[in-house]
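Visitor: See final10.txt below, with compact mmCIF, C-alpha atoms.
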# COMPACT_ATOMS: atom_id res chain seq x y z
CA MET E 265 42.38 63.17 3.96
CA ILE E 266 43.46 66.53 2.57
CA ASP E 267 40.62 68.86 1.57
CA ILE E 268 40.35 68.80 -2.24
CA LYS E 269 39.41 72.50 -2.13
CA LEU E 270 42.71 73.25 -0.34
CA ILE E 271 44.59 71.45 -3.10
CA ARG E 272 42.58 73.21 -5.80
CA ASP E 273 43.07 76.70 -4.35
CA ASN E 274 46.58 76.28 -2.86
CA ILE E 275 48.29 73.61 -4.93
CA ASN E 276 51.75 75.12 -4.42
CA LYS E 277 51.32 75.17 -0.65
CA VAL E 278 50.20 71.54 -0.58
CA GLN E 279 52.97 70.46 -2.97
CA ASP E 280 55.54 72.25 -0.79
CA GLY E 281 54.18 70.54 2.33
CA LEU E 282 54.50 67.12 0.69
CA LYS E 283 58.05 67.88 -0.42
CA LYS E 284 58.97 68.76 3.17
CA ARG E 285 57.81 65.25 4.08
CA LYS E 286 60.08 63.83 1.33
CA ILE E 287 57.01 62.89 -0.74
CA ASP E 288 57.54 63.41 -4.45
CA VAL E 289 54.11 63.25 -6.11
CA SER E 290 52.46 65.31 -8.83
CA LEU E 291 49.01 66.71 -8.11
CA GLU E 292 48.26 67.67 -11.72
CA GLN E 293 46.22 64.55 -12.52
CA LEU E 294 44.19 65.06 -9.36
CA ILE E 295 43.41 68.64 -10.41
CA LYS E 296 42.32 67.40 -13.87
CA TRP E 297 40.01 64.81 -12.31
CA ASP E 298 38.56 67.44 -9.99
CA ALA E 299 37.88 69.81 -12.92
CA GLU E 300 36.23 66.99 -14.87
CA ARG E 301 34.11 66.06 -11.85
CA ARG E 302 32.85 69.61 -11.40
CA LYS E 303 32.12 69.90 -15.13
CA LEU E 304 30.13 66.65 -15.05
CA LEU E 305 28.11 67.84 -12.05
CA VAL E 306 27.08 70.97 -13.96
CA GLU E 307 26.19 68.99 -17.09
CA ILE E 308 24.13 66.46 -15.14
CA GLU E 309 22.22 69.21 -13.38
CA GLU E 310 21.50 70.97 -16.71
CA ILE E 311 20.18 67.76 -18.28
CA ARG E 312 18.03 67.06 -15.21
CA SER E 313 16.54 70.55 -15.45
CA GLU E 314 15.77 70.01 -19.13
CA ARG E 315 14.18 66.63 -18.44
CA LYS E 316 12.12 68.10 -15.62
CA ARG E 317 10.87 70.86 -17.94
CA ILE E 318 9.89 68.32 -20.58
CA SER E 319 8.05 66.16 -18.07
CA LYS E 320 5.79 69.10 -17.22
CA GLU E 321 4.77 69.57 -20.87
CA LYS E 322 2.19 67.57 -22.78
CA ALA E 323 3.34 63.99 -23.03
CA GLU E 324 3.58 63.81 -26.79
CA ASP E 325 5.56 60.96 -28.36
CA ALA E 326 8.44 63.18 -29.47
CA LEU E 327 8.77 64.78 -26.08
CA ALA E 328 8.56 61.41 -24.33
CA LYS E 329 11.33 60.03 -26.54
CA LYS E 330 13.49 63.07 -25.86
CA GLY E 331 12.92 62.69 -22.11
CA GLU E 332 13.96 59.06 -22.29
CA SER E 333 17.07 60.05 -24.26
CA LEU E 334 17.97 62.61 -21.62
CA ARG E 335 17.56 59.98 -18.91
CA GLY E 336 20.06 57.78 -20.73
CA LYS E 337 22.53 60.68 -20.95
CA ILE E 338 22.19 61.31 -17.21
CA GLN E 339 22.89 57.65 -16.41
CA GLU E 340 25.92 57.61 -18.71
CA LYS E 341 27.39 60.76 -17.21
CA GLU E 342 26.67 59.52 -13.64
CA ARG E 343 28.60 56.32 -14.37
CA PHE E 344 31.53 58.40 -15.61
CA LEU E 345 31.20 60.68 -12.57
CA LEU E 346 31.35 57.69 -10.23
CA THR E 347 34.57 56.50 -11.90
CA ILE E 348 36.16 59.96 -11.63
CA GLU E 349 35.14 60.29 -7.97
CA GLN E 350 36.67 56.88 -7.22
CA HIS E 351 39.95 57.98 -8.82
CA ILE E 352 39.93 61.14 -6.70
CA GLU E 353 39.17 59.26 -3.48
CA ASP E 354 41.85 56.63 -4.09
CA PHE E 355 44.39 59.37 -4.78
CA LEU E 356 43.47 61.40 -1.69
CA LEU E 357 43.48 58.33 0.59
CA ARG E 358 47.15 57.76 -0.26
CA LEU E 359 48.28 61.34 0.35
CA PRO E 360 49.77 62.01 3.81
CA ASN E 361 48.79 64.98 5.91
CA ILE E 362 50.40 68.38 5.45
CA PRO E 363 52.88 69.36 8.20
CA ASP E 364 51.88 72.20 10.47
CA GLU E 365 53.91 75.36 9.87
CA SER E 366 55.49 75.01 13.33
CA VAL E 367 57.04 71.61 12.50
CA PRO E 368 60.82 71.78 11.95
CA VAL E 369 61.86 70.95 8.39
CA GLY E 370 64.25 68.00 8.23
CA GLU E 371 65.68 65.24 6.07
CA SER E 372 65.45 62.37 8.58
CA GLU E 373 64.90 61.53 12.25
CA LYS E 374 68.33 63.02 12.95
CA ASP E 375 66.71 66.44 12.47
CA ASN E 376 64.12 65.90 15.21
CA ARG E 377 64.31 68.55 17.94
CA ILE E 378 64.72 67.79 21.65
CA VAL E 379 62.24 70.09 23.41
CA ARG E 380 63.00 69.21 27.05
CA GLN E 381 64.45 66.51 29.27
CA TRP E 382 63.53 65.35 32.75
CA THR E 383 65.42 63.25 35.27
CA PRO E 384 64.02 62.49 38.74
CA ASP E 385 65.99 63.61 41.75
CA GLY E 386 68.43 60.96 42.94
CA MET E 387 68.41 59.02 39.68
CA PRO E 388 71.37 58.61 37.29
CA VAL E 389 71.54 61.27 34.58
CA PRO E 390 71.47 59.77 31.06
CA PRO E 391 74.49 60.50 28.82
CA GLY E 392 74.34 63.89 27.14
CA GLN E 393 72.08 65.42 29.79
CA SER E 394 73.12 68.17 32.14
CA VAL E 395 72.49 67.75 35.86
CA PRO E 396 69.18 69.48 36.71
CA ALA E 397 69.69 72.49 38.97
CA GLY E 398 69.27 71.68 42.63
CA LYS E 399 68.99 67.94 42.08
CA SER E 400 71.17 65.19 43.45
CA THR E 401 72.23 62.30 41.26
CA ARG E 402 73.78 58.90 41.77
CA GLN E 403 75.66 56.48 39.60
CA PRO E 404 74.97 52.74 39.85
CA ASP E 405 77.85 50.58 41.07
CA PHE E 406 76.94 47.87 38.55
CA VAL E 407 76.25 47.62 34.84
CA PRO E 408 72.46 47.55 34.25
CA LYS E 409 71.20 44.67 32.14
CA PRO E 410 68.67 44.93 29.31
CA HIS E 411 65.12 44.19 30.42
CA TRP E 412 64.87 40.80 28.69
CA GLU E 413 67.83 39.50 30.70
CA THR E 414 66.52 40.96 33.93
CA GLY E 415 63.03 39.59 33.28
CA ALA E 416 64.34 36.11 32.49
CA GLY E 417 66.51 36.15 35.61
CA LEU E 418 63.49 37.01 37.74
CA ASP E 419 61.38 34.37 35.96
CA ILE E 420 58.73 36.94 35.06
CA LEU E 421 59.34 37.03 31.28
CA ASP E 422 59.15 33.80 29.30
CA PHE E 423 59.87 34.31 25.62
CA PRO E 424 60.55 30.62 24.79
CA SER E 425 57.06 29.61 25.94
CA ALA E 426 55.51 32.51 24.01
CA ALA E 427 57.38 31.39 20.89
CA LYS E 428 56.16 27.82 21.38
CA ILE E 429 52.57 29.02 21.70
CA SER E 430 52.51 31.71 19.00
CA GLY E 431 55.88 32.24 17.32
CA ALA E 432 58.47 35.01 17.32
CA ARG E 433 57.74 38.52 18.65
CA PHE E 434 55.35 37.49 21.40
CA ALA E 435 55.81 37.64 25.19
CA LEU E 436 54.50 35.64 28.12
CA LEU E 437 54.41 37.34 31.52
CA LYS E 438 54.45 35.24 34.68
CA GLY E 439 53.69 35.76 38.36
CA ALA E 440 54.94 39.13 39.56
CA GLY E 441 55.49 40.15 35.92
CA ALA E 442 51.81 39.67 35.09
CA ALA E 443 50.90 41.57 38.27
CA LEU E 444 53.22 44.44 37.32
CA GLU E 445 51.69 44.69 33.83
CA ARG E 446 48.20 44.79 35.34
CA ALA E 447 49.31 47.40 37.90
CA ILE E 448 50.71 49.67 35.18
CA ILE E 449 47.44 49.48 33.24
CA THR E 450 45.28 50.21 36.28
CA PHE E 451 47.46 53.09 37.48
CA MET E 452 47.45 54.80 34.08
CA LEU E 453 43.70 54.45 33.63
CA GLU E 454 42.92 55.82 37.08
CA LEU E 455 45.34 58.74 36.63
CA HIS E 456 43.85 59.83 33.31
CA ILE E 457 40.26 59.36 34.47
CA ARG E 458 40.45 60.90 37.94
CA GLU E 459 43.07 63.62 37.50
CA HIS E 460 43.02 64.44 33.79
CA GLY E 461 39.30 64.20 33.12
CA TYR E 462 39.20 61.54 30.40
CA PHE E 463 36.17 59.31 29.93
CA GLU E 464 36.97 55.60 29.83
CA VAL E 465 35.81 53.39 26.99
CA PHE E 466 36.60 49.77 26.20
CA THR E 467 36.19 49.19 22.48
CA PRO E 468 36.31 46.17 20.12
CA TYR E 469 39.64 44.77 19.03
CA LEU E 470 38.22 43.84 15.62
CA VAL E 471 37.10 46.68 13.33
CA ASN E 472 35.70 46.90 9.82
CA LYS E 473 37.48 48.33 6.79
CA LYS E 474 35.66 51.66 6.97
CA SER E 475 36.89 52.21 10.52
CA ILE E 476 40.54 51.42 9.89
CA THR E 477 40.51 53.43 6.66
CA GLY E 478 39.02 56.40 8.50
CA THR E 479 41.97 56.82 10.85
CA GLY E 480 44.56 56.44 8.08
CA GLN E 481 45.93 52.91 8.44
CA LEU E 482 44.42 51.83 5.11
CA PRO E 483 45.23 51.75 2.29
CA LYS E 484 48.77 52.99 3.02
CA PHE E 485 49.72 50.44 5.71
CA GLU E 486 47.67 47.38 4.76
CA GLU E 487 50.74 45.14 5.05
CA GLU E 488 51.17 46.15 8.70
CA VAL E 489 47.75 45.11 10.01
CA PHE E 490 46.33 41.66 10.73
CA LYS E 491 43.21 40.82 8.73
CA CYS E 492 40.72 38.00 9.30
CA ARG E 493 40.73 35.54 6.41
CA ASP E 494 36.99 34.90 6.24
CA ASP E 495 35.64 38.29 7.33
CA GLU E 496 36.56 41.83 6.34
CA LEU E 497 37.64 42.61 9.88
CA TYR E 498 41.00 43.89 11.09
CA LEU E 499 42.77 43.57 14.46
CA ILE E 500 43.41 47.08 15.77
CA PRO E 501 47.03 48.29 15.69
CA THR E 502 46.01 50.83 18.34
CA ALA E 503 42.82 51.76 20.19
CA GLU E 504 42.99 55.06 18.29
CA VAL E 505 41.14 53.27 15.48
CA SER E 506 38.09 52.07 17.39
CA VAL E 507 37.89 55.03 19.79
CA THR E 508 38.07 57.74 17.09
CA ASN E 509 35.39 55.92 15.09
CA ILE E 510 32.87 56.25 17.94
CA HIS E 511 31.68 59.54 16.41
CA ARG E 512 32.07 58.67 12.71
CA ASP E 513 29.26 60.18 10.59
CA GLU E 514 28.10 62.31 13.53
CA VAL E 515 27.68 66.03 14.20
CA LEU E 516 28.73 66.99 17.71
CA GLU E 517 27.51 70.02 19.63
CA GLU E 518 30.13 72.73 20.07
CA ASN E 519 29.57 72.92 23.83
CA ALA E 520 30.37 69.19 24.10
CA LEU E 521 33.94 69.76 22.89
CA PRO E 522 36.58 68.76 23.65
CA VAL E 523 35.61 65.10 23.97
CA LYS E 524 38.33 63.23 25.88
CA TYR E 525 38.57 59.44 25.83
CA VAL E 526 40.99 57.02 27.48
CA SER E 527 41.04 53.38 26.52
CA TYR E 528 43.05 50.30 27.41
CA SER E 529 43.50 47.76 24.63
CA ALA E 530 45.72 45.05 23.31
CA CYS E 531 47.29 46.13 20.01
CA PHE E 532 48.33 43.98 17.06
CA ARG E 533 50.95 44.80 14.41
CA ARG E 534 52.75 42.74 11.81
CA GLU E 535 55.96 44.78 12.13
CA SER E 536 56.71 43.69 8.56
CA GLY E 537 58.89 46.74 7.98
CA SER E 538 61.16 45.99 10.96
CA TYR E 539 62.68 42.66 9.93
CA GLY E 540 65.76 41.98 12.07
CA LYS E 541 65.15 45.09 14.20
CA ASP E 542 64.58 44.95 17.98
CA THR E 543 64.07 41.19 17.92
CA LYS E 544 64.69 40.86 21.67
CA GLY E 545 62.44 41.87 24.51
CA LEU E 546 59.21 43.85 24.65
CA ILE E 547 59.95 46.68 22.24
CA ARG E 548 58.56 45.50 18.90
CA ASN E 549 56.11 42.64 19.38
CA HIS E 550 53.10 41.55 17.34
CA GLN E 551 50.86 41.92 20.40
CA PHE E 552 51.22 44.48 23.18
CA ASN E 553 49.12 46.52 25.60
CA LYS E 554 48.64 50.26 25.46
CA ILE E 555 46.65 53.06 27.09
CA GLU E 556 45.36 55.42 24.41
CA LEU E 557 44.30 59.04 24.84
CA VAL E 558 41.99 60.51 22.18
CA LYS E 559 40.64 64.05 21.92
CA ILE E 560 38.05 65.51 19.56
CA CYS E 561 38.05 69.30 19.59
CA ARG E 562 37.43 72.59 17.81
CA PRO E 563 40.06 73.55 15.18
CA GLU E 564 41.15 76.74 16.95
CA SER E 565 41.95 74.88 20.18
CA SER E 566 43.62 71.75 18.78
CA MET E 567 47.24 72.82 19.22
CA ASN E 568 46.59 73.80 22.83
CA GLU E 569 44.82 70.48 23.40
CA LEU E 570 47.83 68.65 21.95
CA GLU E 571 50.11 70.34 24.51
CA LYS E 572 47.73 69.35 27.32
CA LEU E 573 47.59 65.74 26.14
CA LEU E 574 51.39 65.66 25.99
CA ALA E 575 51.56 66.95 29.58
CA ASP E 576 49.11 64.24 30.67
CA ALA E 577 51.35 61.54 29.19
CA GLU E 578 54.46 63.15 30.70
CA GLN E 579 52.95 63.01 34.18
CA VAL E 580 52.83 59.21 34.00
CA LEU E 581 56.62 59.13 33.55
CA LYS E 582 57.17 61.73 36.27
CA LEU E 583 55.07 59.85 38.81
CA MET E 584 56.92 56.64 37.97
CA ARG E 585 60.21 58.54 38.21
CA LEU E 586 61.46 57.42 34.82
CA PRO E 587 63.95 59.67 32.96
CA TYR E 588 62.50 60.91 29.69
CA ARG E 589 62.76 63.53 27.01
CA VAL E 590 60.25 65.24 24.69
CA VAL E 591 61.17 65.18 21.00
CA GLU E 592 59.42 67.23 18.32
CA LEU E 593 59.42 65.28 15.06
CA CYS E 594 60.65 66.98 11.90
CA THR E 595 58.71 66.97 8.63
CA ALA E 596 60.48 63.88 7.26
CA ASP E 597 59.73 61.78 10.35
CA LEU E 598 56.02 62.56 10.79
CA GLY E 599 53.52 59.72 10.71
CA PHE E 600 51.23 59.45 7.69
CA ALA E 601 48.16 61.10 9.25
CA ALA E 602 49.91 63.54 11.62
CA SER E 603 50.26 67.28 11.14
CA LYS E 604 52.42 67.70 14.26
CA THR E 605 53.90 65.10 16.61
CA TYR E 606 55.80 64.95 19.88
CA ASP E 607 57.46 61.70 20.91
CA LEU E 608 58.14 60.87 24.53
CA GLU E 609 61.35 58.85 24.83
CA VAL E 610 62.29 57.01 28.01
CA TRP E 611 65.91 56.28 28.95
CA MET E 612 66.80 52.57 28.92
CA PRO E 613 70.10 52.18 30.85
CA GLY E 614 70.33 48.46 30.10
CA GLU E 615 70.22 49.09 26.36
CA LYS E 616 71.98 52.46 26.68
CA LEU E 617 69.54 54.25 24.41
CA TRP E 618 66.33 56.27 24.32
CA ARG E 619 63.12 54.42 23.44
CA GLU E 620 59.88 55.95 22.20
CA ILE E 621 57.18 55.26 24.78
CA SER E 622 54.48 57.61 23.51
CA SER E 623 53.68 59.48 20.33
CA CYS E 624 51.30 62.44 20.70
CA SER E 625 49.90 63.85 17.45
CA ASN E 626 47.52 66.46 16.12
CA PHE E 627 45.82 65.24 12.94
CA ARG E 628 43.84 68.44 12.43
CA ASP E 629 40.91 67.59 10.08
CA PHE E 630 42.75 64.79 8.24
CA GLN E 631 40.92 61.97 10.04
CA SER E 632 37.61 63.77 10.50
CA ARG E 633 37.24 64.27 6.74
CA ARG E 634 37.67 60.53 6.22
CA LEU E 635 35.26 59.86 9.08
CA ASN E 636 32.73 62.58 8.17
CA MET E 637 32.91 63.85 11.74
CA LYS E 638 31.80 67.45 12.31
CA TYR E 639 30.52 69.82 14.99
CA LYS E 640 27.74 72.40 14.87
CA LYS E 641 28.91 75.91 15.62
CA SER E 642 26.88 78.48 17.52
CA ASP E 643 25.88 80.17 14.25
CA GLY E 644 24.42 76.89 12.97
CA THR E 645 27.16 76.13 10.45
CA ARG E 646 29.02 72.84 10.51
CA GLU E 647 32.76 72.29 10.42
CA PHE E 648 35.08 69.30 10.60
CA VAL E 649 36.50 68.67 14.08
CA HIS E 650 40.20 68.16 14.80
CA THR E 651 41.41 64.89 16.29
CA ILE E 652 44.37 64.32 18.61
CA ASN E 653 45.74 61.20 20.21
CA GLY E 654 48.71 59.78 22.05
CA SER E 655 49.83 56.83 24.11
CA GLY E 656 49.42 57.35 27.76
CA LEU E 657 51.59 55.12 27.77
CA ALA E 658 52.67 52.00 25.88
CA VAL E 659 52.44 49.43 28.69
CA GLY E 660 55.08 46.93 27.55
CA ARG E 661 57.69 49.63 27.06
CA THR E 662 56.86 51.08 30.47
CA PHE E 663 57.31 47.58 31.93
CA ALA E 664 60.70 47.32 30.20
CA ALA E 665 61.75 50.79 31.39
CA ILE E 666 60.95 49.85 35.00
CA LEU E 667 63.05 46.68 34.78
CA GLU E 668 66.01 48.66 33.46
CA ASN E 669 65.76 51.78 35.63
CA TYR E 670 64.76 50.09 38.89
CA GLN E 671 66.94 47.00 38.81
CA GLN E 672 69.29 46.46 41.75
CA LYS E 673 72.80 45.06 41.97
CA ASP E 674 71.51 41.69 43.25
CA GLY E 675 69.25 41.30 40.20
CA SER E 676 66.02 42.27 41.96
CA VAL E 677 63.78 45.08 40.74
CA LYS E 678 62.09 47.68 42.92
CA ILE E 679 58.53 48.68 42.14
CA PRO E 680 57.87 52.42 41.65
CA ASP E 681 56.10 53.84 44.70
CA VAL E 682 52.94 54.77 42.77
CA LEU E 683 52.46 51.17 41.62
CA GLN E 684 52.94 49.38 44.93
CA LYS E 685 49.31 49.68 46.04
CA TYR E 686 48.33 47.90 42.82
CA THR E 687 50.99 45.17 42.90
CA GLY E 688 50.83 44.47 46.65
CA PHE E 689 54.64 44.16 46.78
CA ASP E 690 57.55 46.59 46.58
CA THR E 691 60.24 44.39 45.05
CA ILE E 692 60.52 41.52 42.60
CA GLN E 693 63.14 39.15 43.94
CA ARG E 694 65.18 36.57 42.07
CA PRO E 695 63.75 33.05 42.58
CA VAL E 696 65.59 30.97 45.14
Could you render the structure as structure tokens?

Guide:
Amino acid sequence: MIDIKLIRDNINKVQDGLKKRKIDVSLEQLIKWDAERRKLLVEIEEIRSERKRISKEKAEDALAKKGESLRGKIQEKERFLLTIEQHIEDFLLRLPNIPDESVPVGESEKDNRIVRQWTPDGMPVPPGQSVPAGKSTRQPDFVPKPHWETGAGLDILDFPSAAKISGARFALLKGAGAALERAIITFMLELHIREHGYFEVFTPYLVNKKSITGTGQLPKFEEEVFKCRDDELYLIPTAEVSVTNIHRDEVLEENALPVKYVSYSACFRRESGSYGKDTKGLIRNHQFNKIELVKICRPESSMNELEKLLADAEQVLKLMRLPYRVVELCTADLGFAASKTYDLEVWMPGEKLWREISSCSNFRDFQSRRLNMKYKKSDGTREFVHTINGSGLAVGRTFAAILENYQQKDGSVKIPDVLQKYTGFDTIQRPV
């Protein structure tokens, strides 16, 4: 949520930030509501002071009647104030975050900026990349298949059974495939806990409306989330929702920051806006697994913490030896709550394209204002924290990237070295 004071004092700056995001909305009505709200607050306080003065005087009939009249005026103005405040809140909840000044201005995702690219030694170089200095490369002597074909051939991915059980956009993993998924999850958790200093939490998959509104999914993206019919509970689209809400309505100590959480969860999304898009494979399913990284930090350190979180996610790809690139999103491609975002995109040789595998964002105080989440500074004052999160990584997409980058000419798939101690095998062979 954008600070109403920022809008009041810097309306042109906020309006310009929204325009850079391709959001055409007038803030004039909001400013009028805010002025009316502040006027009402003054009037209510003046009437209360008058009523308090009268109550101290001799309780004559005329004074008592006047006091009762003033009480009625207070109640009337408070009802009007409540309506105005609801209008303001509804308006602010639908406004996206303002882009950070460092974010490149753009018209669409085509204006996103490639920050860096990485290809492991001895691996094929994706099209458009230069050969890294001092590194050897190889070219496969076969045409890589997309992961859904490779997975079906190995009998580790069973989409027909998943469709029979649940419908379209679900996956069923079998045998070595289920073991590989579990290995990816365990490896990522242990890496982020032991080497990167995150604290593990396992949070509920069902959250209340206040929680999912606090992180920005509601009301803007209500059509994208699954809601229980008989209870006001929502299936999480990402563990970001439940993890960030751990400290809702709390004041943290400054010396406790940054707080760093890592969480495994299943995630649930309707994907209603992607009809006919990525209908095959593991890329855009209604249910998928993900490792989420969440940071809560001081405002002055949030951009540095974002860079560190990005590096933590990158290390997963490096250790798995998967080619990737870092993309800085332009203003038009930012997510609703983000002020600055880097996407990690992994190369998928079977599909011959780059796929987002992690999105790392700084939300500044956008979420913490919704969540009423602050920290106490050394001078005793309180300030809203900044929140940061990113996938570390999306498990299903990592699974797919392994099938496409590690597949062999005979249809088998090698297991990345760092995962073999978790799988107990080094290759997935085609069934005899």

Visitor: Quick check, in Å to one decimal: how far apart do CA of Val505 (chain E) and CA of Ser625 (chain E) lie?

Guide: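 Rounded to one decimal, the two atoms are 13.9 Å apart.
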
Visitor: So, counting only C-alpha atoms, which residue among E:Gln693, E:Ser642, E:Thr508, E:Ser622 is closest to Thr662 (chain E)?

Guide: E:Ser622

Visitor: Would you list the residues near (51.8, 43.3, 27.4), meaning any protein, DNA or RNA residue with an atom at most 7 Å from that point in file coordinates, counting all atoms listed in the file, as a list of chain:residue names?

Guide: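 Residues with an atom close enough to that point: E:Glu445, E:Phe552, E:Asn553, E:Val659, E:Gly660.
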
Visitor: Return the single residue from E:Ile352, E:Val649, E:Leu282, E:Leu453 that is closest to Asp629 (chain E), with distances computed using all atoms listed in the file.

Guide: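 Selected residue with least distance to Asp629 (chain E): E:Val649.
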
Visitor: Pick out the closest residue to Ala426 (chain E) from this set: E:Arg272, E:Lys438, E:Val367, E:Met637. Count all atoms listed in the file.

Guide: E:Lys438

Visitor: Using only C-alpha atoms, find the one residue out of E:Gly545, E:Pro680, E:Ser632, E:Val590 that sits nearest to Pro424 (chain E).

Guide: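 Using only C-alpha atoms, Pro424 (chain E) sits closest to E:Gly545.
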
Visitor: List as a PDB file with C-alpha atoms, in the frame of the given file the protein and nucleic acid residues near region 610-619 of chain E, meaning an atom at most 6 Å away when only C-alpha atoms are counted, but skip any in the same chain fewer than 4 places from it.

Guide:
ATOM      1  CA  PRO E 408      72.460  47.550  34.250  1.00  0.00           C
ATOM      2  CA  LYS E 409      71.200  44.670  32.140  1.00  0.00           C
ATOM      3  CA  PRO E 410      68.670  44.930  29.310  1.00  0.00           C
ATOM      4  CA  PRO E 587      63.950  59.670  32.960  1.00  0.00           C
ATOM      5  CA  TYR E 588      62.500  60.910  29.690  1.00  0.00           C
ATOM      6  CA  ALA E 665      61.750  50.790  31.390  1.00  0.00           C
ATOM      7  CA  GLU E 668      66.010  48.660  33.460  1.00  0.00           C
TER       8      GLU E 668
END

Visitor: Near Glu371 (chain E), within 10 Å and counting all atoms listed in the file, which residues show up once chain neighbours fewer than 3 positions away are dropped, as a list in words?

Guide: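 Near neighbours after the sequence-gap exclusion: Lys284, Arg285, Lys286, Lys374, Asp375, Asn376, Cys594, Thr595, Ala596 and Asp597 of chain E.
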
Visitor: Can you tell me which residues surround Val580 (chain E) at a distance of at most 8 Å, considering all atoms listed in the file, apart from same-chain residues fewer than 6 positions away, and format the answer as a PyMOL selection string?

Guide: chain E and resi 452+455+656-657

Visitor: Please report, as JSON, the centre and edge lengths in Å to one decimal of an axis-aligned box covering all listed atoms of region 587-601 of chain E with 6 Å per side.

Guide:
{"center_x": 56.1, "center_y": 63.3, "center_z": 20.1, "size_x": 27.8, "size_y": 19.8, "size_z": 37.7}

Visitor: Which distance in Å separates CA of Asp405 (chain E) and CA of Leu586 (chain E), to one decimal?

Guide: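 Computing the Euclidean distance for CA of Asp405 (chain E) and CA of Leu586 (chain E) yields 18.8 Å.
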